[in-house]
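Asker: Coordinates in final.tsv, TSV, C-alpha atoms, are listed below.
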```tsv
chain	number	residue	atom	x	y	z
A	1	MET	CA	0.00	0.00	0.00
A	2	ALA	CA	3.02	2.32	0.18
A	3	CYS	CA	2.74	5.54	-1.84
A	4	ASP	CA	-0.95	5.05	-2.59
A	5	PRO	CA	-2.57	8.48	-3.13
A	6	LEU	CA	-5.63	7.72	-0.98
A	7	VAL	CA	-3.61	6.43	1.98
A	8	ASP	CA	-1.09	9.25	1.59
A	9	ALA	CA	-3.90	11.85	1.50
A	10	LEU	CA	-5.35	10.53	4.74
A	11	LYS	CA	-1.96	10.34	6.46
A	12	ASP	CA	-1.14	13.88	5.31
A	13	ARG	CA	-4.25	15.01	7.20
A	14	GLY	CA	-2.95	13.33	10.36
A	15	LEU	CA	-5.27	10.34	9.96
A	16	ASN	CA	-4.46	6.70	10.62
A	17	VAL	CA	-6.17	4.19	8.32
A	18	LEU	CA	-7.73	1.18	10.03
A	19	ARG	CA	-7.03	-2.23	8.55
A	20	LEU	CA	-10.40	-3.39	9.93
A	21	PRO	CA	-13.05	-0.62	9.66
A	22	ARG	CA	-15.37	-0.44	12.68
A	23	ALA	CA	-18.67	1.08	13.70
A	24	ASP	CA	-17.85	1.18	17.45
A	25	PHE	CA	-14.90	3.58	17.22
A	26	GLY	CA	-15.26	7.32	17.55
A	27	PRO	CA	-14.23	10.57	19.20
A	28	LEU	CA	-13.50	10.52	22.95
A	29	MET	CA	-12.11	6.98	22.80
A	30	LEU	CA	-8.87	6.56	24.77
A	31	LEU	CA	-6.06	4.62	23.11
A	32	ARG	CA	-2.77	3.18	24.22
A	33	SER	CA	0.06	3.55	21.69
A	34	ASP	CA	3.83	3.65	21.55
A	35	GLY	CA	3.47	6.39	18.93
A	36	ARG	CA	5.02	4.18	16.26
A	37	ARG	CA	3.17	0.95	15.47
A	38	LYS	CA	1.35	-0.45	18.51
A	39	LEU	CA	-2.26	0.47	19.20
A	40	ARG	CA	-4.92	-0.73	21.64
A	41	THR	CA	-8.33	0.58	22.68
A	42	VAL	CA	-8.52	1.52	26.36
A	43	GLY	CA	-12.06	2.81	26.83
A	44	PRO	CA	-14.25	5.94	26.70
A	45	LEU	CA	-12.90	9.20	28.09
A	46	GLY	CA	-15.73	9.72	30.56
A	47	GLY	CA	-15.46	6.21	31.94
A	48	GLU	CA	-11.68	6.07	32.27
A	49	LEU	CA	-10.83	9.69	33.20
A	50	VAL	CA	-13.65	10.58	35.58
A	51	SER	CA	-14.47	14.25	36.16
A	52	ASN	CA	-13.88	15.54	39.69
A	53	SER	CA	-16.56	18.21	39.23
A	54	ALA	CA	-19.27	16.48	37.19
A	55	CYS	CA	-18.06	18.44	34.16
A	56	PRO	CA	-19.91	17.44	30.97
A	57	LEU	CA	-17.95	15.60	28.33
A	58	PRO	CA	-16.77	17.52	25.24
A	59	ALA	CA	-19.49	17.78	22.60
A	60	VAL	CA	-19.13	15.54	19.56
A	61	ARG	CA	-20.24	16.78	16.16
A	62	THR	CA	-21.53	13.87	14.08
A	63	ASP	CA	-22.16	13.04	10.43
A	64	GLU	CA	-20.58	16.14	8.92
A	65	PRO	CA	-20.12	15.71	5.14
A	66	VAL	CA	-16.46	15.78	4.17
A	67	MET	CA	-16.18	18.16	1.25
A	68	ASP	CA	-12.46	18.95	1.40
A	69	LEU	CA	-11.05	15.46	0.95
A	70	GLU	CA	-9.64	15.88	-2.54
A	71	VAL	CA	-8.35	12.33	-2.97
A	72	THR	CA	-10.87	9.55	-2.41
A	73	ARG	CA	-9.55	6.97	-4.86
A	74	THR	CA	-6.61	4.61	-4.74
A	75	ARG	CA	-4.25	4.14	-7.63
A	76	LYS	CA	-4.55	0.89	-9.57
A	77	LEU	CA	-3.58	-1.78	-7.07
A	78	GLY	CA	-2.27	-5.24	-7.87
A	79	GLY	CA	-4.77	-7.98	-7.11
A	80	SER	CA	-3.16	-8.95	-3.79
A	81	LEU	CA	-2.91	-5.33	-2.58
A	82	ALA	CA	-6.53	-4.63	-3.44
A	83	ALA	CA	-7.52	-7.81	-1.64
A	84	GLU	CA	-5.52	-6.74	1.44
A	85	LEU	CA	-7.26	-3.39	1.67
A	86	LEU	CA	-10.71	-4.79	0.92
A	87	GLY	CA	-10.33	-7.83	3.15
A	88	GLY	CA	-10.83	-5.81	6.33
A	89	ILE	CA	-13.79	-3.94	4.85
A	90	PHE	CA	-15.49	-7.15	3.76
A	91	LYS	CA	-14.92	-8.67	7.20
A	92	ALA	CA	-16.44	-5.60	8.88
A	93	LEU	CA	-19.44	-5.86	6.56
A	94	ASP	CA	-19.88	-9.58	7.34
A	95	LEU	CA	-19.23	-10.45	3.70
A	96	SER	CA	-17.50	-13.63	2.67
A	97	PRO	CA	-13.67	-13.53	2.57
A	98	GLU	CA	-14.01	-15.27	-0.80
A	99	LEU	CA	-14.76	-11.84	-2.26
A	100	SER	CA	-11.16	-10.83	-1.56
A	101	LEU	CA	-9.99	-13.88	-3.48
A	102	GLU	CA	-11.94	-12.67	-6.50
A	103	TYR	CA	-9.96	-9.41	-6.42
A	104	GLU	CA	-6.69	-11.34	-6.23
A	105	ARG	CA	-7.59	-12.91	-9.57
A	106	GLY	CA	-7.48	-9.53	-11.28
A	107	THR	CA	-4.35	-7.72	-12.39
A	108	SER	CA	-5.48	-4.40	-10.93
A	109	ALA	CA	-8.31	-2.66	-9.11
A	110	THR	CA	-9.16	0.91	-8.14
A	111	ILE	CA	-11.02	1.57	-4.89
A	112	GLU	CA	-13.00	4.78	-4.32
A	113	LEU	CA	-14.59	5.89	-1.04
A	114	LEU	CA	-18.12	7.29	-1.27
A	115	ASP	CA	-20.50	8.91	1.23
A	116	VAL	CA	-17.62	10.09	3.45
A	117	HIS	CA	-18.60	11.82	6.71
A	118	ARG	CA	-16.78	12.98	9.82
A	119	ASP	CA	-17.39	12.86	13.58
A	120	SER	CA	-15.20	15.15	15.69
A	121	CYS	CA	-14.73	17.08	18.91
A	122	LEU	CA	-12.88	20.33	19.54
A	123	GLU	CA	-9.49	20.05	21.22
A	124	GLY	CA	-10.31	23.17	23.25
A	125	ASP	CA	-13.32	21.38	24.75
A	126	VAL	CA	-11.11	18.40	25.59
A	127	ALA	CA	-8.60	20.70	27.30
A	128	ALA	CA	-11.38	22.35	29.33
A	129	TYR	CA	-12.71	18.95	30.47
A	130	LEU	CA	-9.28	17.76	31.57
A	131	GLU	CA	-8.16	20.98	33.23
A	132	LYS	CA	-11.25	21.19	35.44
A	133	GLY	CA	-9.90	18.04	37.06
A	134	VAL	CA	-10.17	14.33	36.31
A	135	HIS	CA	-8.86	11.17	37.94
A	136	PRO	CA	-8.09	7.79	36.35
A	137	ARG	CA	-10.61	5.07	37.14
A	138	THR	CA	-7.86	2.45	37.45
A	139	SER	CA	-4.16	2.18	38.10
A	140	TYR	CA	-3.95	0.60	34.64
A	141	VAL	CA	-4.93	3.87	32.95
A	142	ALA	CA	-2.70	5.87	35.29
A	143	GLY	CA	0.23	3.64	34.35
A	144	ILE	CA	-0.40	4.15	30.62
A	145	ALA	CA	-0.49	7.90	31.15
A	146	GLU	CA	2.71	7.86	33.22
A	147	ALA	CA	4.40	5.93	30.41
A	148	ASP	CA	3.40	8.69	27.95
A	149	GLU	CA	1.30	6.23	25.94
A	150	LEU	CA	-2.21	7.65	26.41
A	151	TYR	CA	-3.97	9.16	23.38
A	152	LEU	CA	-7.49	10.43	22.71
A	153	VAL	CA	-9.42	10.10	19.45
A	154	THR	CA	-10.60	13.56	18.38
A	155	GLY	CA	-12.00	12.75	14.94
A	156	VAL	CA	-12.93	9.90	12.62
A	157	LEU	CA	-13.78	9.54	8.94
A	158	LYS	CA	-16.65	7.23	8.09
A	159	SER	CA	-17.82	5.80	4.80
A	160	GLY	CA	-21.04	4.02	4.02
A	161	ALA	CA	-20.24	3.12	0.44
A	162	PHE	CA	-17.35	2.45	-1.89
A	163	ALA	CA	-16.82	1.49	-5.50
A	164	THR	CA	-14.21	-0.71	-7.15
A	165	LYS	CA	-13.18	-0.58	-10.80
A	166	VAL	CA	-12.08	-4.03	-11.95
A	167	SER	CA	-12.09	-6.25	-14.99
A	168	SER	CA	-15.49	-7.44	-16.12
A	169	THR	CA	-14.46	-11.02	-15.29
A	170	VAL	CA	-13.66	-10.14	-11.68
A	171	ALA	CA	-16.86	-8.08	-11.40
A	172	ALA	CA	-18.92	-11.09	-12.47
A	173	GLY	CA	-17.18	-13.30	-9.90
A	174	VAL	CA	-17.75	-10.77	-7.10
A	175	SER	CA	-21.40	-10.27	-8.00
A	176	ALA	CA	-22.02	-14.02	-7.96
A	177	LYS	CA	-20.67	-14.37	-4.40
A	178	VAL	CA	-22.62	-11.55	-2.72
A	179	PRO	CA	-25.70	-12.79	-0.83
A	180	VAL	CA	-29.03	-11.30	-1.86
A	181	GLY	CA	-31.08	-9.43	0.74
A	182	GLY	CA	-28.27	-8.66	3.17
A	183	ALA	CA	-27.29	-5.37	4.81
A	184	VAL	CA	-24.95	-4.59	1.93
A	185	THR	CA	-26.31	-3.67	-1.49
A	186	VAL	CA	-24.04	-4.47	-4.43
A	187	SER	CA	-24.47	-3.19	-7.97
A	188	VAL	CA	-22.40	-3.73	-11.11
A	189	SER	CA	-22.25	-1.30	-13.99
A	190	ALA	CA	-20.14	-1.07	-17.12
A	191	ASN	CA	-17.29	1.41	-17.06
A	192	GLY	CA	-17.93	4.04	-19.72
A	193	GLU	CA	-14.22	4.36	-20.50
A	194	THR	CA	-13.76	0.80	-21.69
A	195	GLY	CA	-15.94	-2.22	-22.21
A	196	GLU	CA	-13.33	-4.44	-20.53
A	197	GLU	CA	-13.85	-2.96	-17.05
A	198	SER	CA	-16.82	-2.75	-14.70
A	199	VAL	CA	-17.60	-0.75	-11.56
A	200	VAL	CA	-18.73	-2.78	-8.56
A	201	SER	CA	-20.40	-0.55	-5.95
A	202	PHE	CA	-21.07	-1.52	-2.33
A	203	LYS	CA	-23.53	0.40	-0.13
A	204	ASN	CA	-23.86	-0.48	3.55
A	205	SER	CA	-26.80	0.26	5.82
A	206	ARG	CA	-24.45	2.03	8.27
A	207	ARG	CA	-21.20	3.94	7.96
A	208	LEU	CA	-17.96	2.38	9.17
A	209	VAL	CA	-14.96	4.25	10.56
A	210	ILE	CA	-12.10	3.96	8.10
A	211	ALA	CA	-9.58	6.39	9.62
A	212	PHE	CA	-9.04	8.37	12.82
A	213	GLU	CA	-7.00	11.18	14.34
A	214	ALA	CA	-5.80	11.27	17.94
A	215	ILE	CA	-3.81	13.52	20.26
A	216	ARG	CA	-1.57	12.61	23.15
A	217	LEU	CA	-2.73	13.34	26.69
A	218	TRP	CA	-0.04	14.54	29.10
A	219	PHE	CA	0.04	13.48	32.74
A	220	GLU	CA	2.20	15.63	35.00
A	221	ASP	CA	2.08	16.31	38.71
A	222	GLY	CA	-1.15	14.35	38.96
A	223	ARG	CA	-2.92	16.40	36.28
A	224	PHE	CA	-4.06	15.52	32.77
A	225	THR	CA	-3.76	18.09	29.98
A	226	THR	CA	-3.66	18.19	26.19
A	227	LEU	CA	-0.29	19.98	26.29
A	228	ALA	CA	2.72	19.53	28.53
A	229	SER	CA	2.60	22.05	31.35
A	230	ALA	CA	5.01	24.86	32.06
A	231	VAL	CA	5.05	27.90	34.30
A	232	GLY	CA	1.62	29.41	33.81
A	233	HIS	CA	-1.52	27.92	32.33
A	234	SER	CA	-0.96	24.47	30.86
A	235	ALA	CA	-3.07	25.11	27.78
A	236	TYR	CA	-0.88	27.96	26.58
A	237	ALA	CA	2.75	27.12	27.34
A	238	VAL	CA	5.01	24.25	26.33
A	239	PRO	CA	8.53	23.79	27.70
A	240	PRO	CA	11.17	24.31	24.96
A	241	ALA	CA	12.50	20.79	25.50
A	242	LEU	CA	9.06	19.36	24.69
A	243	VAL	CA	8.20	21.43	21.63
A	244	ALA	CA	9.40	18.67	19.29
A	245	ALA	CA	7.76	15.87	21.29
A	246	PRO	CA	5.05	13.96	19.43
A	247	ARG	CA	1.55	15.24	20.13
A	248	ARG	CA	-0.61	14.03	17.26
A	249	LEU	CA	-0.62	10.30	16.70
A	250	VAL	CA	0.54	9.28	13.22
A	251	LEU	CA	1.45	5.61	13.11
A	252	ARG	CA	4.07	4.38	10.68
A	253	ASP	CA	2.13	1.56	9.03
A	254	ASP	CA	-0.17	2.38	6.12
A	255	LEU	CA	-2.92	0.22	7.63
A	256	VAL	CA	-3.09	-0.05	11.43
A	257	GLU	CA	-4.77	-2.59	13.66
A	258	GLU	CA	-5.01	-3.27	17.37
A	259	ALA	CA	-2.10	-5.18	18.84
A	260	ALA	CA	-2.94	-8.65	20.12
A	261	SER	CA	-0.53	-8.17	23.04
A	262	TRP	CA	1.58	-5.42	24.51
```
Let me see the file written as structure tokens.

Answerer:
Amino acid sequence: MACDPLVDALKDRGLNVLRLPRADFGPLMLLRSDGRRKLRTVGPLGGELVSNSACPLPAVRTDEPVMDLEVTRTRKLGGSLAAELLGGIFKALDLSPELSLEYERGTSATIELLDVHRDSCLEGDVAAYLEKGVHPRTSYVAGIAEADELYLVTGVLKSGAFATKVSSTVAAGVSAKVPVGGAVTVSVSANGETGEESVVSFKNSRRLVIAFEAIRLWFEDGRFTTLASAVGHSAYAVPPALVAAPRRLVLRDDLVEEAASW
């Protein structure tokens, strides 16, 4: 997947692309990460970092259409690469893994995201929630924070549909293996550019999270903040030695997944 324009466009926006898209992943989810490759879900912000003053959680804006994502289509991927990217999507949609095998039969495929929306929260609201005082529910979360491995999801991209441009032979094989009457609607149409290719479109009854952005939470002197503290208010000052420290989580792998063990 290296150097694919779609993956690169998402990573350039500070987004990490999930190998296995999910519906139960969104803003205000706490993550554990080494900032490089490892990633695990910890739990919701309100449940794991409990407010000392009954402060309401940051507001989450949902289902905002994404109009400024200029690149929504992959380059032409070799059959195995297309199958790798689509395998996680098919699994999330409860479709047969045999569909991925159909894409491996082809020499190339193009994948385009459709119906892309965003859920997000404002980092200022997160800072306000933390700085009014919170405490970790468990020593486990406190330990993650002390190890500088605690991150918070602040935004996700979701897609409820995608289209693939493949050879007509592959399109016929995919169409034959999709169950009728399921949650996913599949349609096949001829590509107007050439009679040798077809467009296979998938539309799901719900949107799945395909990529996310997250920021690191700092834990110093028993306090949680979105920025490392210095003399003065923690939201406005960062010690010079920490200016270059990682704050936004951008994992190295093109497609990321939760680690089985730590």

Asker: Give me the residues near stretch 167-180 of chain A as an MDAnalysis selection string, where near means some atom within 8 Å (using all atoms listed in the file) and where sequence neighbours in that chain fewer than 2 positions away do not count.

Answerer: chainID A and resid 95:96 98:99 102:103 105:106 108:109 165 182 186:188 190 196:200

Asker: Got time to write the residues from that selection, C-alpha atoms, as a PDB file, in the frame of the given file?

Answerer:
```pdb
ATOM      1  CA  LEU A  95     -19.230 -10.450   3.700  1.00  0.00           C
ATOM      2  CA  SER A  96     -17.500 -13.630   2.670  1.00  0.00           C
ATOM      3  CA  GLU A  98     -14.010 -15.270  -0.800  1.00  0.00           C
ATOM      4  CA  LEU A  99     -14.760 -11.840  -2.260  1.00  0.00           C
ATOM      5  CA  GLU A 102     -11.940 -12.670  -6.500  1.00  0.00           C
ATOM      6  CA  TYR A 103      -9.960  -9.410  -6.420  1.00  0.00           C
ATOM      7  CA  ARG A 105      -7.590 -12.910  -9.570  1.00  0.00           C
ATOM      8  CA  GLY A 106      -7.480  -9.530 -11.280  1.00  0.00           C
ATOM      9  CA  SER A 108      -5.480  -4.400 -10.930  1.00  0.00           C
ATOM     10  CA  ALA A 109      -8.310  -2.660  -9.110  1.00  0.00           C
ATOM     11  CA  LYS A 165     -13.180  -0.580 -10.800  1.00  0.00           C
ATOM     12  CA  GLY A 182     -28.270  -8.660   3.170  1.00  0.00           C
ATOM     13  CA  VAL A 186     -24.040  -4.470  -4.430  1.00  0.00           C
ATOM     14  CA  SER A 187     -24.470  -3.190  -7.970  1.00  0.00           C
ATOM     15  CA  VAL A 188     -22.400  -3.730 -11.110  1.00  0.00           C
ATOM     16  CA  ALA A 190     -20.140  -1.070 -17.120  1.00  0.00           C
ATOM     17  CA  GLU A 196     -13.330  -4.440 -20.530  1.00  0.00           C
ATOM     18  CA  GLU A 197     -13.850  -2.960 -17.050  1.00  0.00           C
ATOM     19  CA  SER A 198     -16.820  -2.750 -14.700  1.00  0.00           C
ATOM     20  CA  VAL A 199     -17.600  -0.750 -11.560  1.00  0.00           C
ATOM     21  CA  VAL A 200     -18.730  -2.780  -8.560  1.00  0.00           C
TER      22      VAL A 200
END
```

Asker: Enumerate, as a list in words, the protein, DNA and RNA residues whose atoms approach (-0.7, 1.6, 9.3) to within 8 Å, taking into account all atoms listed in the file and the coordinate frame of the file.

Answerer: Asn16, Val17, Leu18, Arg19, Arg37, Leu251, Arg252, Asp253, Asp254, Leu255, Val256 and Glu257 of chain A

Asker: Please determine, counting only C-alpha atoms, which residue among A:Pro58, A:Gly155, A:Pro136, A:Gly222 has the shortest atom-to-atom distance to A:Val42.

Answerer: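 Selected residue with least distance to A:Val42: A:Pro136.
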
Asker: Taking (-19.3, 16.4, 35.6) in the file's own coordinates, collect the residues within 12 Å, counting only C-alpha atoms, and hand them back as an MDAnalysis selection string.

Answerer: chainID A and resid 46:47 49:58 128:130 132:135

Asker: What is the distance, in Å and to one decimal place, between atom CA of A:Leu114 and atom CA of A:Thr154?

Answerer: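 Atom-to-atom, atom CA of A:Leu114 to atom CA of A:Thr154, that is 22.0 Å.
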
Asker: Here is a test: counting only C-alpha atoms, which residue of A:Leu249, A:Arg118, A:Gly87, A:Leu28 is nearest to A:Asp68?

Answerer: A:Arg118

Asker: Have a look at A:Glu149, A:Asp119, A:Ala163, A:Leu217 and name the one nearest to A:Arg40; count all atoms listed in the file.

Answerer: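 Among the listed residues, the smallest separation from A:Arg40 belongs to A:Glu149.
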
Asker: Could you list, as a list of chain:residue names, every residue within 10 Å of A:Pro44, counting all atoms listed in the file and ignoring same-chain residues fewer than 3 positions away?

Answerer: A:Phe25, A:Gly26, A:Pro27, A:Leu28, A:Met29, A:Leu30, A:Leu31, A:Thr41, A:Gly47, A:Glu48, A:Leu49, A:Leu152, A:Val153

Asker: Which of these residues is nearest to A:Val7, using all atoms listed in the file: A:Glu112, A:Glu258, A:Asp125, A:Glu131?

Answerer: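 Residue with the minimum atom-to-atom distance to A:Val7: A:Glu112.
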
Asker: If you measure from atom CA of A:Phe212 to atom CA of A:Asp24, what distance in Å do you get, rounded to one decimal?

Answerer: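 It comes out at 12.3 Å.
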
Asker: Of the candidates A:Thr164, A:Ser205, A:Ala23, A:Thr62, which one gets nearest to A:Ser189 if we count all atoms listed in the file?

Answerer: A:Thr164

Asker: In Å to one decimal, how far is atom CA of A:Lys203 from atom CA of A:Gly14?

Answerer: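 Between atom CA of A:Gly14 and atom CA of A:Lys203 the gap is 26.5 Å.
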
Asker: Quick one: of A:Leu77, A:Val66, A:Val141, A:Val60, who's nearest to A:Ser120, counting all atoms listed in the file?

Answerer: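 Nearest candidate to A:Ser120 out of A:Leu77, A:Val66, A:Val141, A:Val60: A:Val60.
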
Asker: Using only C-alpha atoms, determine which residues lie at most 12 Å from A:Arg13, disregarding the query and same-chain residues fewer than 5 positions distant; provide the list as a PyMOL selection string.

Answerer: chain A and resi 6-8+68-71+155-157+211-214+248-250

Asker: Can you list, as a ChimeraX atom specification, every protein, DNA or RNA residue that comes within 10 Å of A:Asp94 when you count all atoms listed in the file, leaving out same-chain residues fewer than 3 positions away?

Answerer: /A:88-91,97,182-184

Asker: Go ahead and save the picked residues with C-alpha atoms, as a PDB file, in the frame of the given file.

Answerer:
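The resulting file, selection.pdb, is reproduced below:
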```
ATOM      1  CA  GLY A  88     -10.830  -5.810   6.330  1.00  0.00           C
ATOM      2  CA  ILE A  89     -13.790  -3.940   4.850  1.00  0.00           C
ATOM      3  CA  PHE A  90     -15.490  -7.150   3.760  1.00  0.00           C
ATOM      4  CA  LYS A  91     -14.920  -8.670   7.200  1.00  0.00           C
ATOM      5  CA  PRO A  97     -13.670 -13.530   2.570  1.00  0.00           C
ATOM      6  CA  GLY A 182     -28.270  -8.660   3.170  1.00  0.00           C
ATOM      7  CA  ALA A 183     -27.290  -5.370   4.810  1.00  0.00           C
ATOM      8  CA  VAL A 184     -24.950  -4.590   1.930  1.00  0.00           C
TER       9      VAL A 184
END
```
